[in-house]
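Undergrad: Below is the file target12.pdb, with PDB, N, CA and C atoms.
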```pdb
ATOM      1  N   MET A   1      -0.862   5.253  30.982  1.00  0.00           N
ATOM      2  CA  MET A   1      -0.720   6.226  29.940  1.00  0.00           C
ATOM      3  C   MET A   1      -1.841   6.101  28.906  1.00  0.00           C
ATOM      4  N   LEU A   2      -2.135   4.879  28.461  1.00  0.00           N
ATOM      5  CA  LEU A   2      -3.187   4.698  27.472  1.00  0.00           C
ATOM      6  C   LEU A   2      -4.546   5.118  28.011  1.00  0.00           C
ATOM      7  N   ALA A   3      -4.790   4.848  29.294  1.00  0.00           N
ATOM      8  CA  ALA A   3      -6.060   5.265  29.899  1.00  0.00           C
ATOM      9  C   ALA A   3      -6.196   6.782  29.874  1.00  0.00           C
ATOM     10  N   ARG A   4      -5.111   7.471  30.136  1.00  0.00           N
ATOM     11  CA  ARG A   4      -5.133   8.941  30.102  1.00  0.00           C
ATOM     12  C   ARG A   4      -5.409   9.422  28.678  1.00  0.00           C
ATOM     13  N   TRP A   5      -4.809   8.764  27.698  1.00  0.00           N
ATOM     14  CA  TRP A   5      -5.029   9.142  26.300  1.00  0.00           C
ATOM     15  C   TRP A   5      -6.458   8.865  25.869  1.00  0.00           C
ATOM     16  N   ARG A   6      -7.053   7.804  26.403  1.00  0.00           N
ATOM     17  CA  ARG A   6      -8.444   7.508  26.050  1.00  0.00           C
ATOM     18  C   ARG A   6      -9.377   8.595  26.585  1.00  0.00           C
ATOM     19  N   ALA A   7      -9.030   9.156  27.731  1.00  0.00           N
ATOM     20  CA  ALA A   7      -9.851  10.221  28.318  1.00  0.00           C
ATOM     21  C   ALA A   7      -9.711  11.523  27.538  1.00  0.00           C
ATOM     22  N   SER A   8      -8.514  11.807  27.040  1.00  0.00           N
ATOM     23  CA  SER A   8      -8.277  13.039  26.287  1.00  0.00           C
ATOM     24  C   SER A   8      -7.117  12.825  25.329  1.00  0.00           C
ATOM     25  N   GLN A   9      -7.377  13.039  24.063  1.00  0.00           N
ATOM     26  CA  GLN A   9      -6.349  12.831  23.056  1.00  0.00           C
ATOM     27  C   GLN A   9      -5.510  14.097  22.813  1.00  0.00           C
ATOM     28  N   THR A  10      -5.775  15.153  23.542  1.00  0.00           N
ATOM     29  CA  THR A  10      -5.004  16.383  23.375  1.00  0.00           C
ATOM     30  C   THR A  10      -3.870  16.431  24.390  1.00  0.00           C
ATOM     31  N   GLY A  11      -2.805  17.112  24.033  1.00  0.00           N
ATOM     32  CA  GLY A  11      -1.677  17.269  24.937  1.00  0.00           C
ATOM     33  C   GLY A  11      -0.792  16.041  25.058  1.00  0.00           C
ATOM     34  N   VAL A  12      -0.907  15.109  24.134  1.00  0.00           N
ATOM     35  CA  VAL A  12      -0.072  13.910  24.148  1.00  0.00           C
ATOM     36  C   VAL A  12       1.248  14.259  23.464  1.00  0.00           C
ATOM     37  N   ARG A  13       2.347  14.012  24.139  1.00  0.00           N
ATOM     38  CA  ARG A  13       3.655  14.286  23.565  1.00  0.00           C
ATOM     39  C   ARG A  13       3.931  13.312  22.412  1.00  0.00           C
ATOM     40  N   PHE A  14       4.443  13.852  21.329  1.00  0.00           N
ATOM     41  CA  PHE A  14       4.766  13.030  20.170  1.00  0.00           C
ATOM     42  C   PHE A  14       5.774  11.943  20.525  1.00  0.00           C
ATOM     43  N   SER A  15       6.744  12.288  21.356  1.00  0.00           N
ATOM     44  CA  SER A  15       7.765  11.299  21.734  1.00  0.00           C
ATOM     45  C   SER A  15       7.135  10.126  22.488  1.00  0.00           C
ATOM     46  N   ASP A  16       6.136  10.396  23.323  1.00  0.00           N
ATOM     47  CA  ASP A  16       5.445   9.316  24.044  1.00  0.00           C
ATOM     48  C   ASP A  16       4.643   8.442  23.084  1.00  0.00           C
ATOM     49  N   LEU A  17       3.940   9.079  22.156  1.00  0.00           N
ATOM     50  CA  LEU A  17       3.159   8.308  21.182  1.00  0.00           C
ATOM     51  C   LEU A  17       4.081   7.446  20.319  1.00  0.00           C
ATOM     52  N   SER A  18       5.209   8.002  19.935  1.00  0.00           N
ATOM     53  CA  SER A  18       6.176   7.263  19.136  1.00  0.00           C
ATOM     54  C   SER A  18       6.707   6.046  19.890  1.00  0.00           C
ATOM     55  N   LYS A  19       7.001   6.199  21.176  1.00  0.00           N
ATOM     56  CA  LYS A  19       7.494   5.079  21.980  1.00  0.00           C
ATOM     57  C   LYS A  19       6.459   3.959  22.060  1.00  0.00           C
ATOM     58  N   VAL A  20       5.206   4.328  22.273  1.00  0.00           N
ATOM     59  CA  VAL A  20       4.144   3.325  22.354  1.00  0.00           C
ATOM     60  C   VAL A  20       3.987   2.618  21.005  1.00  0.00           C
ATOM     61  N   CYS A  21       4.053   3.363  19.930  1.00  0.00           N
ATOM     62  CA  CYS A  21       3.945   2.753  18.599  1.00  0.00           C
ATOM     63  C   CYS A  21       5.077   1.768  18.346  1.00  0.00           C
ATOM     64  N   ARG A  22       6.275   2.115  18.770  1.00  0.00           N
ATOM     65  CA  ARG A  22       7.409   1.193  18.584  1.00  0.00           C
ATOM     66  C   ARG A  22       7.194  -0.096  19.367  1.00  0.00           C
ATOM     67  N   ILE A  23       6.633   0.005  20.560  1.00  0.00           N
ATOM     68  CA  ILE A  23       6.362  -1.181  21.376  1.00  0.00           C
ATOM     69  C   ILE A  23       5.352  -2.091  20.682  1.00  0.00           C
ATOM     70  N   TYR A  24       4.276  -1.505  20.176  1.00  0.00           N
ATOM     71  CA  TYR A  24       3.204  -2.302  19.579  1.00  0.00           C
ATOM     72  C   TYR A  24       3.458  -2.690  18.122  1.00  0.00           C
ATOM     73  N   PHE A  25       4.101  -1.810  17.346  1.00  0.00           N
ATOM     74  CA  PHE A  25       4.190  -2.017  15.905  1.00  0.00           C
ATOM     75  C   PHE A  25       5.607  -2.174  15.370  1.00  0.00           C
ATOM     76  N   GLY A  26       6.631  -2.008  16.207  1.00  0.00           N
ATOM     77  CA  GLY A  26       8.007  -2.151  15.747  1.00  0.00           C
ATOM     78  C   GLY A  26       8.580  -0.852  15.201  1.00  0.00           C
ATOM     79  N   GLN A  27       9.676  -0.981  14.483  1.00  0.00           N
ATOM     80  CA  GLN A  27      10.370   0.179  13.940  1.00  0.00           C
ATOM     81  C   GLN A  27       9.560   0.819  12.810  1.00  0.00           C
ATOM     82  N   PRO A  28       9.529   2.139  12.768  1.00  0.00           N
ATOM     83  CA  PRO A  28       8.775   2.805  11.704  1.00  0.00           C
ATOM     84  C   PRO A  28       9.608   3.003  10.449  1.00  0.00           C
ATOM     85  N   ARG A  29       8.923   3.279   9.399  1.00  0.00           N
ATOM     86  CA  ARG A  29       9.539   3.792   8.177  1.00  0.00           C
ATOM     87  C   ARG A  29       9.334   5.301   8.250  1.00  0.00           C
ATOM     88  N   GLN A  30      10.302   6.075   7.880  1.00  0.00           N
ATOM     89  CA  GLN A  30      10.158   7.525   7.958  1.00  0.00           C
ATOM     90  C   GLN A  30      10.039   8.101   6.567  1.00  0.00           C
ATOM     91  N   ARG A  31       9.033   8.928   6.389  1.00  0.00           N
ATOM     92  CA  ARG A  31       8.835   9.627   5.125  1.00  0.00           C
ATOM     93  C   ARG A  31       8.628  11.100   5.461  1.00  0.00           C
ATOM     94  N   GLY A  32       9.681  11.892   5.303  1.00  0.00           N
ATOM     95  CA  GLY A  32       9.622  13.299   5.694  1.00  0.00           C
ATOM     96  C   GLY A  32       9.471  13.397   7.202  1.00  0.00           C
ATOM     97  N   SER A  33       8.454  14.116   7.641  1.00  0.00           N
ATOM     98  CA  SER A  33       8.217  14.271   9.080  1.00  0.00           C
ATOM     99  C   SER A  33       7.301  13.187   9.638  1.00  0.00           C
ATOM    100  N   HIS A  34       6.839  12.275   8.788  1.00  0.00           N
ATOM    101  CA  HIS A  34       5.906  11.229   9.201  1.00  0.00           C
ATOM    102  C   HIS A  34       6.649   9.958   9.597  1.00  0.00           C
ATOM    103  N   LEU A  35       6.184   9.333  10.659  1.00  0.00           N
ATOM    104  CA  LEU A  35       6.626   7.995  11.034  1.00  0.00           C
ATOM    105  C   LEU A  35       5.485   7.051  10.684  1.00  0.00           C
ATOM    106  N   ILE A  36       5.779   6.026   9.919  1.00  0.00           N
ATOM    107  CA  ILE A  36       4.748   5.106   9.434  1.00  0.00           C
ATOM    108  C   ILE A  36       5.034   3.719   9.985  1.00  0.00           C
ATOM    109  N   TYR A  37       4.074   3.202  10.748  1.00  0.00           N
ATOM    110  CA  TYR A  37       4.215   1.895  11.394  1.00  0.00           C
ATOM    111  C   TYR A  37       3.314   0.895  10.686  1.00  0.00           C
ATOM    112  N   ARG A  38       3.814  -0.309  10.501  1.00  0.00           N
ATOM    113  CA  ARG A  38       3.024  -1.374   9.894  1.00  0.00           C
ATOM    114  C   ARG A  38       2.172  -2.053  10.953  1.00  0.00           C
ATOM    115  N   THR A  39       0.959  -2.371  10.584  1.00  0.00           N
ATOM    116  CA  THR A  39       0.085  -3.145  11.459  1.00  0.00           C
ATOM    117  C   THR A  39       0.173  -4.605  11.035  1.00  0.00           C
ATOM    118  N   PRO A  40      -0.147  -5.538  11.930  1.00  0.00           N
ATOM    119  CA  PRO A  40       0.024  -6.957  11.610  1.00  0.00           C
ATOM    120  C   PRO A  40      -1.096  -7.557  10.763  1.00  0.00           C
ATOM    121  N   TRP A  41      -2.038  -6.766  10.312  1.00  0.00           N
ATOM    122  CA  TRP A  41      -3.140  -7.297   9.529  1.00  0.00           C
ATOM    123  C   TRP A  41      -3.215  -6.577   8.189  1.00  0.00           C
ATOM    124  N   GLN A  42      -3.916  -7.191   7.257  1.00  0.00           N
ATOM    125  CA  GLN A  42      -4.085  -6.615   5.926  1.00  0.00           C
ATOM    126  C   GLN A  42      -5.409  -5.869   5.857  1.00  0.00           C
ATOM    127  N   GLY A  43      -5.493  -4.938   4.939  1.00  0.00           N
ATOM    128  CA  GLY A  43      -6.766  -4.278   4.682  1.00  0.00           C
ATOM    129  C   GLY A  43      -7.004  -3.005   5.472  1.00  0.00           C
ATOM    130  N   LEU A  44      -6.191  -2.737   6.476  1.00  0.00           N
ATOM    131  CA  LEU A  44      -6.351  -1.504   7.240  1.00  0.00           C
ATOM    132  C   LEU A  44      -5.142  -0.622   6.993  1.00  0.00           C
ATOM    133  N   PRO A  45      -5.334   0.689   7.061  1.00  0.00           N
ATOM    134  CA  PRO A  45      -4.176   1.567   6.819  1.00  0.00           C
ATOM    135  C   PRO A  45      -3.111   1.405   7.889  1.00  0.00           C
ATOM    136  N   ARG A  46      -1.951   1.767   7.528  1.00  0.00           N
ATOM    137  CA  ARG A  46      -0.849   1.758   8.477  1.00  0.00           C
ATOM    138  C   ARG A  46      -1.033   2.893   9.465  1.00  0.00           C
ATOM    139  N   VAL A  47      -0.367   2.797  10.582  1.00  0.00           N
ATOM    140  CA  VAL A  47      -0.413   3.863  11.579  1.00  0.00           C
ATOM    141  C   VAL A  47       0.608   4.914  11.158  1.00  0.00           C
ATOM    142  N   ASN A  48       0.140   6.139  11.007  1.00  0.00           N
ATOM    143  CA  ASN A  48       0.948   7.225  10.484  1.00  0.00           C
ATOM    144  C   ASN A  48       0.867   8.394  11.469  1.00  0.00           C
ATOM    145  N   ILE A  49       2.005   8.782  12.034  1.00  0.00           N
ATOM    146  CA  ILE A  49       1.997   9.879  13.004  1.00  0.00           C
ATOM    147  C   ILE A  49       3.034  10.924  12.621  1.00  0.00           C
ATOM    148  N   GLN A  50       2.810  12.150  13.104  1.00  0.00           N
ATOM    149  CA  GLN A  50       3.787  13.200  12.914  1.00  0.00           C
ATOM    150  C   GLN A  50       3.662  14.208  14.050  1.00  0.00           C
ATOM    151  N   SER A  51       4.753  14.878  14.327  1.00  0.00           N
ATOM    152  CA  SER A  51       4.798  15.857  15.401  1.00  0.00           C
ATOM    153  C   SER A  51       4.143  17.158  14.949  1.00  0.00           C
ATOM    154  N   HIS A  52       3.457  17.771  15.872  1.00  0.00           N
ATOM    155  CA  HIS A  52       2.856  19.082  15.634  1.00  0.00           C
ATOM    156  C   HIS A  52       3.285  19.979  16.792  1.00  0.00           C
ATOM    157  N   GLY A  53       4.468  20.585  16.657  1.00  0.00           N
ATOM    158  CA  GLY A  53       4.998  21.415  17.736  1.00  0.00           C
ATOM    159  C   GLY A  53       5.379  20.617  18.969  1.00  0.00           C
ATOM    160  N   GLY A  54       5.810  19.358  18.779  1.00  0.00           N
ATOM    161  CA  GLY A  54       6.206  18.504  19.898  1.00  0.00           C
ATOM    162  C   GLY A  54       5.083  17.640  20.441  1.00  0.00           C
ATOM    163  N   ASP A  55       3.852  17.932  20.035  1.00  0.00           N
ATOM    164  CA  ASP A  55       2.704  17.136  20.458  1.00  0.00           C
ATOM    165  C   ASP A  55       2.224  16.272  19.300  1.00  0.00           C
ATOM    166  N   ALA A  56       1.479  15.233  19.639  1.00  0.00           N
ATOM    167  CA  ALA A  56       0.849  14.399  18.623  1.00  0.00           C
ATOM    168  C   ALA A  56      -0.487  15.025  18.254  1.00  0.00           C
ATOM    169  N   LYS A  57      -0.894  14.820  17.027  1.00  0.00           N
ATOM    170  CA  LYS A  57      -2.197  15.314  16.599  1.00  0.00           C
ATOM    171  C   LYS A  57      -3.275  14.417  17.206  1.00  0.00           C
ATOM    172  N   PRO A  58      -4.353  15.004  17.754  1.00  0.00           N
ATOM    173  CA  PRO A  58      -5.384  14.197  18.430  1.00  0.00           C
ATOM    174  C   PRO A  58      -5.964  13.078  17.570  1.00  0.00           C
ATOM    175  N   TYR A  59      -6.200  13.321  16.283  1.00  0.00           N
ATOM    176  CA  TYR A  59      -6.774  12.261  15.455  1.00  0.00           C
ATOM    177  C   TYR A  59      -5.790  11.101  15.296  1.00  0.00           C
ATOM    178  N   GLN A  60      -4.489  11.397  15.356  1.00  0.00           N
ATOM    179  CA  GLN A  60      -3.499  10.327  15.249  1.00  0.00           C
ATOM    180  C   GLN A  60      -3.423   9.521  16.541  1.00  0.00           C
ATOM    181  N   VAL A  61      -3.651  10.171  17.680  1.00  0.00           N
ATOM    182  CA  VAL A  61      -3.723   9.450  18.956  1.00  0.00           C
ATOM    183  C   VAL A  61      -4.904   8.485  18.908  1.00  0.00           C
ATOM    184  N   ARG A  62      -6.046   8.953  18.405  1.00  0.00           N
ATOM    185  CA  ARG A  62      -7.219   8.075  18.286  1.00  0.00           C
ATOM    186  C   ARG A  62      -6.928   6.906  17.345  1.00  0.00           C
ATOM    187  N   GLN A  63      -6.220   7.174  16.257  1.00  0.00           N
ATOM    188  CA  GLN A  63      -5.862   6.121  15.302  1.00  0.00           C
ATOM    189  C   GLN A  63      -4.999   5.053  15.975  1.00  0.00           C
ATOM    190  N   VAL A  64      -4.022   5.478  16.757  1.00  0.00           N
ATOM    191  CA  VAL A  64      -3.137   4.543  17.454  1.00  0.00           C
ATOM    192  C   VAL A  64      -3.925   3.729  18.470  1.00  0.00           C
ATOM    193  N   LEU A  65      -4.775   4.380  19.249  1.00  0.00           N
ATOM    194  CA  LEU A  65      -5.582   3.671  20.249  1.00  0.00           C
ATOM    195  C   LEU A  65      -6.485   2.638  19.591  1.00  0.00           C
ATOM    196  N   ARG A  66      -7.095   2.999  18.462  1.00  0.00           N
ATOM    197  CA  ARG A  66      -7.968   2.062  17.740  1.00  0.00           C
ATOM    198  C   ARG A  66      -7.166   0.855  17.252  1.00  0.00           C
ATOM    199  N   ALA A  67      -5.967   1.081  16.727  1.00  0.00           N
ATOM    200  CA  ALA A  67      -5.133  -0.023  16.248  1.00  0.00           C
ATOM    201  C   ALA A  67      -4.691  -0.927  17.408  1.00  0.00           C
ATOM    202  N   ILE A  68      -4.346  -0.334  18.542  1.00  0.00           N
ATOM    203  CA  ILE A  68      -3.978  -1.132  19.718  1.00  0.00           C
ATOM    204  C   ILE A  68      -5.155  -1.971  20.183  1.00  0.00           C
ATOM    205  N   ASP A  69      -6.352  -1.380  20.216  1.00  0.00           N
ATOM    206  CA  ASP A  69      -7.546  -2.122  20.603  1.00  0.00           C
ATOM    207  C   ASP A  69      -7.773  -3.309  19.674  1.00  0.00           C
ATOM    208  N   LEU A  70      -7.593  -3.097  18.373  1.00  0.00           N
ATOM    209  CA  LEU A  70      -7.770  -4.188  17.415  1.00  0.00           C
ATOM    210  C   LEU A  70      -6.767  -5.305  17.669  1.00  0.00           C
ATOM    211  N   MET A  71      -5.539  -4.941  17.970  1.00  0.00           N
ATOM    212  CA  MET A  71      -4.511  -5.953  18.235  1.00  0.00           C
ATOM    213  C   MET A  71      -4.837  -6.742  19.497  1.00  0.00           C
ATOM    214  N   GLU A  72      -5.275  -6.041  20.542  1.00  0.00           N
ATOM    215  CA  GLU A  72      -5.514  -6.707  21.826  1.00  0.00           C
ATOM    216  C   GLU A  72      -6.760  -7.573  21.809  1.00  0.00           C
ATOM    217  N   THR A  73      -7.763  -7.214  21.019  1.00  0.00           N
ATOM    218  CA  THR A  73      -8.990  -8.010  20.970  1.00  0.00           C
ATOM    219  C   THR A  73      -8.951  -9.074  19.894  1.00  0.00           C
ATOM    220  N   GLY A  74      -8.001  -8.951  18.977  1.00  0.00           N
ATOM    221  CA  GLY A  74      -7.915  -9.931  17.895  1.00  0.00           C
ATOM    222  C   GLY A  74      -8.971  -9.751  16.830  1.00  0.00           C
ATOM    223  N   ASN A  75      -9.602  -8.591  16.795  1.00  0.00           N
ATOM    224  CA  ASN A  75     -10.655  -8.338  15.801  1.00  0.00           C
ATOM    225  C   ASN A  75     -10.114  -7.575  14.606  1.00  0.00           C
ATOM    226  N   GLU A  76      -9.064  -8.063  14.012  1.00  0.00           N
ATOM    227  CA  GLU A  76      -8.483  -7.364  12.873  1.00  0.00           C
ATOM    228  C   GLU A  76      -9.454  -7.402  11.749  1.00  0.00           C
TER     229      GLU A  76
END
```
Kindly present the structure from the file in structure tokens form.
TA:
Amino acid sequence: MLARWRASQTGVRFSDLSKVCRIYFGQPRQRGSHLIYRTPWQGLPRVNIQSHGGDAKPYQVRQVLRAIDLMETGNE
């Protein structure tokens, strides 16, 4: 799934992005229509996603992928 998202950040279902975020970042805090996930490091913004007609916004998919990459490489 992540490989497919890396190839194209469009057409990603919000529910799928939310599930991946829960796996990597835990339970979100909800503020209105936004789900806000905490990252394990300081100094970087939290991961913030919201649904856009059932799909995730492409820039938010890129944000999630970048945060996952940082976690996996340890380069926080």
Undergrad: As JSON, numbers by chain, please: all residues of chain A that backbone DSSP puts in alpha helix (DSSP H).
TA: {"A": [2, 3, 4, 5, 6, 7, 14, 15, 16, 17, 18, 19, 20, 21, 22, 23, 24, 25, 58, 59, 60, 61, 62, 63, 64, 65, 66, 67, 68, 69, 70, 71, 72, 73]}
Undergrad: For the file shown, what are the residues hit by the PyMOL selection byres ((chain A and resi 65-74) around 8), laid out as an MDAnalysis selection string?
TA: chainID A and resid 2 5:6 24 39:40 47 59:64 75:76
Undergrad: Of the candidates A:Pro58, A:Gly53, A:Gly43, A:Gly26, which one gets nearest to A:Gly11 if we count all atoms listed in the file?
TA: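 Smallest separation from A:Gly11 among the options: A:Pro58.
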Undergrad: Between A:Tyr37, A:Gln42, A:Ala3, A:Lys57, single out the one closest to A:Cys21, counting all atoms listed in the file.
TA: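 Of all the options, A:Tyr37 lies closest to A:Cys21.
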Undergrad: Pull the strand (DSSP E or B) assignments for chain A out of DSSP run on the backbone, and list those residues as a list in words.
TA: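 Here is the list: Arg13, Arg29, Gln30, Arg31, His34, Leu35, Ile36, Tyr37, Val47, Asn48, Ile49, Gln50, Ser51, His52, Asp55 and Ala56 of chain A.
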Undergrad: Take the residues that were just selected and, keeping N, CA and C atoms, output them as a PDB file, in the coordinates of the input.
TA:
```pdb
ATOM      1  N   ARG A  13       2.347  14.012  24.139  1.00  0.00           N
ATOM      2  CA  ARG A  13       3.655  14.286  23.565  1.00  0.00           C
ATOM      3  C   ARG A  13       3.931  13.312  22.412  1.00  0.00           C
ATOM      4  N   ARG A  29       8.923   3.279   9.399  1.00  0.00           N
ATOM      5  CA  ARG A  29       9.539   3.792   8.177  1.00  0.00           C
ATOM      6  C   ARG A  29       9.334   5.301   8.250  1.00  0.00           C
ATOM      7  N   GLN A  30      10.302   6.075   7.880  1.00  0.00           N
ATOM      8  CA  GLN A  30      10.158   7.525   7.958  1.00  0.00           C
ATOM      9  C   GLN A  30      10.039   8.101   6.567  1.00  0.00           C
ATOM     10  N   ARG A  31       9.033   8.928   6.389  1.00  0.00           N
ATOM     11  CA  ARG A  31       8.835   9.627   5.125  1.00  0.00           C
ATOM     12  C   ARG A  31       8.628  11.100   5.461  1.00  0.00           C
ATOM     13  N   HIS A  34       6.839  12.275   8.788  1.00  0.00           N
ATOM     14  CA  HIS A  34       5.906  11.229   9.201  1.00  0.00           C
ATOM     15  C   HIS A  34       6.649   9.958   9.597  1.00  0.00           C
ATOM     16  N   LEU A  35       6.184   9.333  10.659  1.00  0.00           N
ATOM     17  CA  LEU A  35       6.626   7.995  11.034  1.00  0.00           C
ATOM     18  C   LEU A  35       5.485   7.051  10.684  1.00  0.00           C
ATOM     19  N   ILE A  36       5.779   6.026   9.919  1.00  0.00           N
ATOM     20  CA  ILE A  36       4.748   5.106   9.434  1.00  0.00           C
ATOM     21  C   ILE A  36       5.034   3.719   9.985  1.00  0.00           C
ATOM     22  N   TYR A  37       4.074   3.202  10.748  1.00  0.00           N
ATOM     23  CA  TYR A  37       4.215   1.895  11.394  1.00  0.00           C
ATOM     24  C   TYR A  37       3.314   0.895  10.686  1.00  0.00           C
ATOM     25  N   VAL A  47      -0.367   2.797  10.582  1.00  0.00           N
ATOM     26  CA  VAL A  47      -0.413   3.863  11.579  1.00  0.00           C
ATOM     27  C   VAL A  47       0.608   4.914  11.158  1.00  0.00           C
ATOM     28  N   ASN A  48       0.140   6.139  11.007  1.00  0.00           N
ATOM     29  CA  ASN A  48       0.948   7.225  10.484  1.00  0.00           C
ATOM     30  C   ASN A  48       0.867   8.394  11.469  1.00  0.00           C
ATOM     31  N   ILE A  49       2.005   8.782  12.034  1.00  0.00           N
ATOM     32  CA  ILE A  49       1.997   9.879  13.004  1.00  0.00           C
ATOM     33  C   ILE A  49       3.034  10.924  12.621  1.00  0.00           C
ATOM     34  N   GLN A  50       2.810  12.150  13.104  1.00  0.00           N
ATOM     35  CA  GLN A  50       3.787  13.200  12.914  1.00  0.00           C
ATOM     36  C   GLN A  50       3.662  14.208  14.050  1.00  0.00           C
ATOM     37  N   SER A  51       4.753  14.878  14.327  1.00  0.00           N
ATOM     38  CA  SER A  51       4.798  15.857  15.401  1.00  0.00           C
ATOM     39  C   SER A  51       4.143  17.158  14.949  1.00  0.00           C
ATOM     40  N   HIS A  52       3.457  17.771  15.872  1.00  0.00           N
ATOM     41  CA  HIS A  52       2.856  19.082  15.634  1.00  0.00           C
ATOM     42  C   HIS A  52       3.285  19.979  16.792  1.00  0.00           C
ATOM     43  N   ASP A  55       3.852  17.932  20.035  1.00  0.00           N
ATOM     44  CA  ASP A  55       2.704  17.136  20.458  1.00  0.00           C
ATOM     45  C   ASP A  55       2.224  16.272  19.300  1.00  0.00           C
ATOM     46  N   ALA A  56       1.479  15.233  19.639  1.00  0.00           N
ATOM     47  CA  ALA A  56       0.849  14.399  18.623  1.00  0.00           C
ATOM     48  C   ALA A  56      -0.487  15.025  18.254  1.00  0.00           C
TER      49      ALA A  56
END
```
Undergrad: For atom CA of A:Arg31 and atom CA of A:Arg4, quote the distance in Å rounded to one decimal.
TA: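 One can read the atom CA of A:Arg31 to atom CA of A:Arg4 distance as 28.6 Å.
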Undergrad: Neighbours of A:Ser33 within 7 Å (all atoms listed in the file; same-chain residues fewer than 3 positions away dropped), as an MDAnalysis selection string?
TA: chainID A and resid 30 49:51
Undergrad: With N, CA and C atoms retained, export the selected residues as a short mmCIF file (atom, residue, chain, number, x, y, z; two decimals), keeping the file's coordinate frame.
TA:
```cif
data_model
loop_
_atom_site.label_atom_id
_atom_site.label_comp_id
_atom_site.auth_asym_id
_atom_site.auth_seq_id
_atom_site.Cartn_x
_atom_site.Cartn_y
_atom_site.Cartn_z
N GLN A 30 10.30 6.08 7.88
CA GLN A 30 10.16 7.52 7.96
C GLN A 30 10.04 8.10 6.57
N ILE A 49 2.00 8.78 12.03
CA ILE A 49 2.00 9.88 13.00
C ILE A 49 3.03 10.92 12.62
N GLN A 50 2.81 12.15 13.10
CA GLN A 50 3.79 13.20 12.91
C GLN A 50 3.66 14.21 14.05
N SER A 51 4.75 14.88 14.33
CA SER A 51 4.80 15.86 15.40
C SER A 51 4.14 17.16 14.95
#
```
Undergrad: Which value, in Å to one decimal, gives the distance between atom N of A:Asp16 and atom N of A:Trp41?
TA: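 Those two atoms sit 23.0 Å apart.
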Undergrad: Just how far from atom CA of A:Pro28 is atom CA of A:Ala7, in Å to one decimal?
TA: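 Distance reported for this atom pair: 26.0 Å.
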Undergrad: Kindly list the centre and edge lengths in Å, rounded to one decimal, for the axis-aligned box that covers all listed atoms of stretch 43-52 of chain A plus 8 Å on each of its six sides, as lines of an AutoDock Vina configuration file.
TA:
```
center_x = -1.1
center_y = 7.5
center_z = 10.7
size_x = 27.8
size_y = 40.9
size_z = 28.1
```
